[in-house]
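*Asks:* Dropping in model-v9.pdb, with PDB, C-alpha atoms, pLDDT in the B column.
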```pdb
ATOM      1  CA  MET A  60     -49.549  18.866  83.594  1.00 63.00           C
ATOM      2  CA  ARG A  61     -48.373  20.664  80.451  1.00 65.00           C
ATOM      3  CA  PHE A  62     -50.267  23.756  81.538  1.00 62.00           C
ATOM      4  CA  LEU A  63     -48.487  23.764  84.896  1.00 61.00           C
ATOM      5  CA  VAL A  64     -45.060  23.467  83.270  1.00 59.00           C
ATOM      6  CA  LEU A  65     -45.912  26.216  80.789  1.00 59.00           C
ATOM      7  CA  PHE A  66     -47.210  28.441  83.600  1.00 61.00           C
ATOM      8  CA  ILE A  67     -44.030  27.965  85.646  1.00 66.00           C
ATOM      9  CA  MET A  68     -41.831  28.711  82.633  1.00 66.00           C
ATOM     10  CA  LEU A  69     -43.750  31.892  81.804  1.00 64.00           C
ATOM     11  CA  PHE A  70     -43.806  33.025  85.425  1.00 64.00           C
ATOM     12  CA  THR A  71     -40.046  32.507  85.783  1.00 66.00           C
ATOM     13  CA  TRP A  72     -39.317  34.326  82.512  1.00 64.00           C
ATOM     14  CA  ASN A  73     -41.595  37.245  83.449  1.00 57.00           C
ATOM     15  CA  THR A  74     -40.067  37.554  86.938  1.00 52.00           C
ATOM     16  CA  GLN A  75     -36.554  37.596  85.487  1.00 49.00           C
ATOM     17  CA  ASN A  76     -37.461  40.310  82.961  1.00 49.00           C
ATOM     18  CA  THR A  77     -39.102  42.405  85.687  1.00 49.00           C
ATOM     19  CA  ALA A  78     -35.973  42.169  87.858  1.00 48.00           C
ATOM     20  CA  GLU A  79     -33.768  43.161  84.919  1.00 49.00           C
ATOM     21  CA  ALA A  80     -36.048  46.105  84.171  1.00 50.00           C
ATOM     22  CA  LYS A  81     -35.817  47.315  87.778  1.00 49.00           C
ATOM     23  CA  VAL A  82     -32.022  47.215  87.628  1.00 50.00           C
ATOM     24  CA  ALA A  83     -32.060  49.204  84.402  1.00 53.00           C
ATOM     25  CA  GLU A  84     -34.429  51.822  85.835  1.00 53.00           C
ATOM     26  CA  GLU A  85     -32.411  52.496  88.977  1.00 64.00           C
ATOM     27  CA  PRO A  86     -28.862  53.625  88.124  1.00 67.00           C
ATOM     28  CA  THR A  87     -26.213  52.802  90.669  1.00 77.00           C
ATOM     29  CA  ASP A  88     -24.752  55.764  92.541  1.00 85.00           C
ATOM     30  CA  ILE A  89     -20.988  55.341  92.347  1.00 87.00           C
ATOM     31  CA  SER A  90     -20.004  58.705  93.824  1.00 90.00           C
ATOM     32  CA  ARG A  91     -18.925  57.013  97.089  1.00 89.00           C
ATOM     33  CA  VAL A  92     -16.759  54.566  95.165  1.00 89.00           C
ATOM     34  CA  LEU A  93     -15.247  57.296  92.981  1.00 92.00           C
ATOM     35  CA  LYS A  94     -14.171  59.198  96.097  1.00 93.00           C
ATOM     36  CA  ARG A  95     -12.049  56.203  97.014  1.00 91.00           C
ATOM     37  CA  CYS A  96     -10.665  55.976  93.482  1.00 93.00           C
ATOM     38  CA  LYS A  97      -9.746  59.665  93.580  1.00 93.00           C
ATOM     39  CA  ALA A  98      -7.918  59.263  96.892  1.00 92.00           C
ATOM     40  CA  CYS A  99      -5.185  57.266  95.155  1.00 92.00           C
ATOM     41  CA  HIS A 100      -5.573  58.028  91.441  1.00 94.00           C
ATOM     42  CA  GLY A 101      -5.991  61.790  91.888  1.00 94.00           C
ATOM     43  CA  LYS A 102      -8.934  64.180  91.691  1.00 93.00           C
ATOM     44  CA  ASP A 103      -9.094  63.901  87.910  1.00 93.00           C
ATOM     45  CA  LEU A 104      -8.156  60.169  87.936  1.00 94.00           C
ATOM     46  CA  ARG A 105      -5.050  60.907  85.851  1.00 94.00           C
ATOM     47  CA  GLY A 106      -2.801  59.180  88.360  1.00 93.00           C
ATOM     48  CA  LYS A 107      -0.466  60.011  91.229  1.00 91.00           C
ATOM     49  CA  LYS A 108       2.995  58.853  92.257  1.00 86.00           C
ATOM     50  CA  LYS A 109       2.179  55.192  92.897  1.00 87.00           C
ATOM     51  CA  ALA A 110      -1.245  54.918  91.260  1.00 90.00           C
ATOM     52  CA  PRO A 111      -1.600  54.900  87.465  1.00 92.00           C
ATOM     53  CA  SER A 112      -3.880  57.067  85.381  1.00 93.00           C
ATOM     54  CA  LEU A 113      -7.286  55.584  84.704  1.00 92.00           C
ATOM     55  CA  TYR A 114      -7.627  57.327  81.351  1.00 92.00           C
ATOM     56  CA  ASP A 115      -7.533  55.166  78.230  1.00 88.00           C
ATOM     57  CA  LYS A 116      -8.447  52.044  80.191  1.00 90.00           C
ATOM     58  CA  GLY A 117     -10.946  49.821  78.464  1.00 92.00           C
ATOM     59  CA  PHE A 118     -13.984  48.353  80.187  1.00 93.00           C
ATOM     60  CA  SER A 119     -12.428  44.875  80.282  1.00 93.00           C
ATOM     61  CA  ASP A 120      -9.197  46.133  81.831  1.00 93.00           C
ATOM     62  CA  VAL A 121     -11.025  47.949  84.615  1.00 93.00           C
ATOM     63  CA  TYR A 122     -13.488  45.125  85.224  1.00 94.00           C
ATOM     64  CA  VAL A 123     -10.708  42.556  85.542  1.00 94.00           C
ATOM     65  CA  SER A 124      -8.744  44.773  87.932  1.00 92.00           C
ATOM     66  CA  LEU A 125     -11.868  45.078  90.100  1.00 94.00           C
ATOM     67  CA  THR A 126     -12.808  41.390  90.050  1.00 93.00           C
ATOM     68  CA  SER A 127     -10.126  38.816  89.372  1.00 91.00           C
ATOM     69  CA  ASP A 128      -6.771  40.590  89.092  1.00 90.00           C
ATOM     70  CA  VAL A 129      -7.152  43.030  91.995  1.00 92.00           C
ATOM     71  CA  PRO A 130      -4.000  44.953  92.938  1.00 90.00           C
ATOM     72  CA  LYS A 131      -3.054  44.317  96.580  1.00 92.00           C
ATOM     73  CA  LYS A 132      -3.598  47.972  97.544  1.00 90.00           C
ATOM     74  CA  MET A 133      -7.184  47.866  96.240  1.00 92.00           C
ATOM     75  CA  GLU A 134      -8.349  44.593  97.815  1.00 93.00           C
ATOM     76  CA  ARG A 135      -9.965  46.156 100.895  1.00 93.00           C
ATOM     77  CA  ILE A 136     -11.949  48.623  98.802  1.00 91.00           C
ATOM     78  CA  VAL A 137     -12.997  46.159  96.105  1.00 93.00           C
ATOM     79  CA  LYS A 138     -14.369  43.638  98.625  1.00 93.00           C
ATOM     80  CA  LYS A 139     -17.048  46.165  99.580  1.00 93.00           C
ATOM     81  CA  LEU A 140     -18.316  46.747  96.024  1.00 93.00           C
ATOM     82  CA  SER A 141     -21.510  45.223  94.707  1.00 93.00           C
ATOM     83  CA  GLU A 142     -21.613  43.720  91.231  1.00 93.00           C
ATOM     84  CA  ALA A 143     -23.611  46.739  90.023  1.00 93.00           C
ATOM     85  CA  GLU A 144     -20.973  49.118  91.390  1.00 93.00           C
ATOM     86  CA  VAL A 145     -18.188  47.174  89.678  1.00 94.00           C
ATOM     87  CA  TRP A 146     -20.048  47.411  86.352  1.00 94.00           C
ATOM     88  CA  GLU A 147     -20.792  51.103  86.747  1.00 94.00           C
ATOM     89  CA  VAL A 148     -17.237  52.009  87.790  1.00 94.00           C
ATOM     90  CA  SER A 149     -15.859  49.984  84.871  1.00 94.00           C
ATOM     91  CA  ARG A 150     -18.217  51.762  82.482  1.00 94.00           C
ATOM     92  CA  PHE A 151     -17.444  55.199  83.927  1.00 93.00           C
ATOM     93  CA  VAL A 152     -13.669  54.753  83.799  1.00 93.00           C
ATOM     94  CA  SER A 153     -13.755  53.279  80.283  1.00 93.00           C
ATOM     95  CA  GLU A 154     -15.535  56.434  79.107  1.00 92.00           C
ATOM     96  CA  LEU A 155     -13.010  58.856  80.634  1.00 89.00           C
ATOM     97  CA  GLY A 156     -11.532  61.119  78.021  1.00 79.00           C
ATOM     98  CA  VAL A 157     -13.862  59.861  75.288  1.00 75.00           C
ATOM     99  CA  THR A 158     -15.097  62.808  73.240  1.00 62.00           C
ATOM    100  CA  SER A 159     -18.119  62.933  70.978  1.00 56.00           C
ATOM    101  CA  ASP A 160     -15.709  62.709  68.007  1.00 55.00           C
ATOM    102  CA  ASP A 161     -14.305  59.447  69.399  1.00 55.00           C
ATOM    103  CA  ALA A 162     -17.798  58.032  69.874  1.00 53.00           C
ATOM    104  CA  GLU A 163     -18.709  58.827  66.266  1.00 55.00           C
ATOM    105  CA  LYS A 164     -15.667  56.905  64.963  1.00 55.00           C
ATOM    106  CA  ASP A 165     -16.849  53.692  66.628  1.00 51.00           C
TER
END
```
Please go through the file and, once you have read it, give me the structure as structure tokens.

*Replies:*
Amino acid sequence: MRFLVLFIMLFTWNTQNTAEAKVAEEPTDISRVLKRCKACHGKDLRGKKKAPSLYDKGFSDVYVSLTSDVPKKMERIVKKLSEAEVWEVSRFVSELGVTSDDAEKD
């Protein structure tokens, strides 16, 4: 009985690690999503009349605005995003304007 429990635990752990490795190997293509961002926030994502600049936004700020505190104008777009796309867009936007000098300071 102990062997069976141990086998199940190891199998579950190994399957989970394999799935995580596959996600890490295959980056999410967010170019389609960024086209929608650029439609309102501008080609360089520095903002337009009614849409703010996305520069200097931290990962948390972007993630929250794409998950729990979604602006009304973005609801239709955000509903179509996968979790991986939300993470990648949040990461991409949080790195806008970051130079190599900024990265070295952290």

*Asks:* Run the PyMOL selection byres ((chain A and resi 122-124) around 12) against the file shown and list the residues it catches, as number ranges by chain.

*Replies:* A: 113, 116-121, 125-134, 136-137, 140, 142-153

*Asks:* What separation in Å, quoted to one decimal, exists between atom CA of Lys139 of chain A and atom CA of Ile89 of chain A?

*Replies:*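 Atom-to-atom, atom CA of Lys139 of chain A and atom CA of Ile89 of chain A are spaced 12.3 Å apart.
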
*Asks:* Can you measure atom CA of Cys96 of chain A to atom CA of Ala110 of chain A for me? One decimal in Å is fine.

*Replies:*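 Value for the atom CA of Cys96 of chain A-atom CA of Ala110 of chain A distance: 9.7 Å.
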
*Asks:* Could you work out how far atom CA of Ser112 of chain A lies from atom CA of Cys99 of chain A, giving the answer in Å with one decimal?

*Replies:*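 For atom CA of Cys99 of chain A relative to atom CA of Ser112 of chain A, the distance reads 9.9 Å.
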
*Asks:* Could you work out an axis-aligned bounding box for all listed atoms of segment 103-122 of chain A, with 6 Å added on each of the six sides, and give its centre and edge lengths in Å to one decimal, as JSON?

*Replies:*
```
{"center_x": -5.5, "center_y": 54.4, "center_z": 85.6, "size_x": 29.0, "size_y": 31.0, "size_z": 26.7}
```

*Asks:* Considering all atoms listed in the file, return as a PyMOL selection string whatever protein or nucleic-acid residues lie within 10 Å of Tyr114 of chain A, sequence-local ones (same chain, fewer than 3 positions apart) excluded.

*Replies:* chain A and resi 103-106+111+117+152-157
